[in-house]
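These notes are about the structure you will find just below.
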Amino acid sequence: MNPKRKQRLILISAMVIGVVVAVSLILLALNENINHYFDPTQVVAGEAPQDHTFRIGGMVVNGSVQREVGELMVSFGLTDYQKTVTVTYDGILPDLFREGQGVVALGKLKDGVFVAEEVLAKHDENYMPPEVAASLKKDPPQAAN
Amino acid sequence: MNSFMKWIHKWGSPPWFYRVSGMMLPWLTGLFAITLVYGLYAGLVLAPADYQQGDSFRIIYVHVPAAWMGMFIYIVMAVAAVVHLVWRIKIADVVLISSAPIGASFAFIALVTGSLWGKPMWGTWWTWDARLTSELLLLFIYLGIIALHSAVEDRQSAGRATAVLTLVGVVNIPIIHYSVVWWNTLHQGTTVMRLDGPAIAPQMLWPLLSMAIAFKLYYVIVMMLRARGEILARETKSRWVRELVGGE
């Protein structure tokens, strides 16, 4: 490689590395803002903002969904398998909402209960036909996901 | 210099690029048709419905390959930018600017199909999580590259400025890919390109891979067609173009 090309290559490499370092620092500084939601553990520990709207994400606890008769009002436990927060919501839930599935709720904390204005279902990365899902349920794999 | 490097160098010559791409196009088009027809039929008809999403999951056969292409084309453009800036090879500039609108279209398709799927599945068309936001940024970077290239009058300065901008934007590519790992997002994690193997049933995966190949072939075909036009426009005064069109 002749010296001129080498110089240009070094110059652009330095530029790209500079951009990468700058962007990494910005993203590290903004880390908490980029996270889409808080985990129940963080909420219980008081890391989530008080009296402000924020998002909480986790799994709906099996058997925890309770509906008011004749109303849309629903409450359920949201867990990250360490801490659980009770969420109440008055509205229509998305199709994928079910027990044992991930959801992200937007709302405020009131007396330790999360009052949601919006509940979104979080889909996981697994795709399979119903038969496979049924046999997995009957005979769960050893490796934990 | 070994024979592979010699072969690579030949692609830097506009007449060679024009001639060889002309020979390759019919074959590429045939392969594209086969992979597309198989991918669509196997994906939309043969593959079973998903255990949770039902038939709605089938948008994966457009959404995921389009999202991959948005990133793949950008990487091709970044490599072309380095070749253009360091070795001053004209074809690299042609490839870069011919690729940009195709990459922008794929990023746009990924955003639109994702939005269509998000409404019934998540319950919202759009949310500002890291994956969605970085993908939107990718679309804007593509549009910026196209705008910059057409805004600068002088072709040489336009090419160099565009190449530099392309390299600045390349930092976004790993961010898009790892956004679902580094931060909490509404978008699900990686399904196919995982270290522990794909988390998708094989009869659903094969049509997806076929569609991914079809999309890649489509890109190569359209990029070559655009590049051939660009080469002819740039080399109008050269002898080989005059001989090619038969006029003096």
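In the structure tokens, the first chain shown is A, the next is B, and so on; residue numbers restart at 1 for each chain, and ligands run from 1 in the order shown.
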Select all residues from chain B having any atom no more than 10 Å from an atom of chain A (counting only C-alpha atoms, ignoring ligands), output as an NGL selection string.
:B and (47-54 or 57 or 81-83 or 85-88 or 118-124 or 127-130 or 133 or 164 or 167-172 or 175 or 179-180 or 182-192 or 198-205)
Compile the contact shell of segment 230-245 of chain B as a VMD selection string: residues with an atom at most 7 Å away, counting only C-alpha atoms, same-chain residues fewer than 5 positions apart removed.
chain B and resid 14 to 15 94
Take the residues that were just selected and, keeping N, CA and C atoms, output them as a short mmCIF file (atom, residue, chain, number, x, y, z; two decimals), in the first residue's frame.
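And here is the file that came out, result29.cif:
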```
data_model
loop_
_atom_site.label_atom_id
_atom_site.label_comp_id
_atom_site.auth_asym_id
_atom_site.auth_seq_id
_atom_site.Cartn_x
_atom_site.Cartn_y
_atom_site.Cartn_z
N PRO B 14 -14.94 0.51 -15.23
CA PRO B 14 -16.34 0.67 -15.66
C PRO B 14 -16.75 -0.23 -16.84
N PRO B 15 -15.91 -0.35 -17.92
CA PRO B 15 -16.37 -1.23 -19.02
C PRO B 15 -16.54 -2.67 -18.56
N VAL B 94 -20.10 4.81 -7.46
CA VAL B 94 -21.32 4.46 -8.20
C VAL B 94 -22.15 3.45 -7.41
#
```
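You will find atom CA of Tyr219 of chain B at 25.9 Å from atom CA of Val152 of chain B.
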Would you work out the distance separating atom CA of Ser135 of chain A from atom CA of Ala212 of chain B, expressed in Å to one decimal?
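Computing it gives 29.6 Å between the two atoms.
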Residues of chain A classed as helix (DSSP H, G or I) by DSSP on the backbone are to be reported as a PyMOL selection string.
chain A and resi 3-29+31-34+40-44+130-138
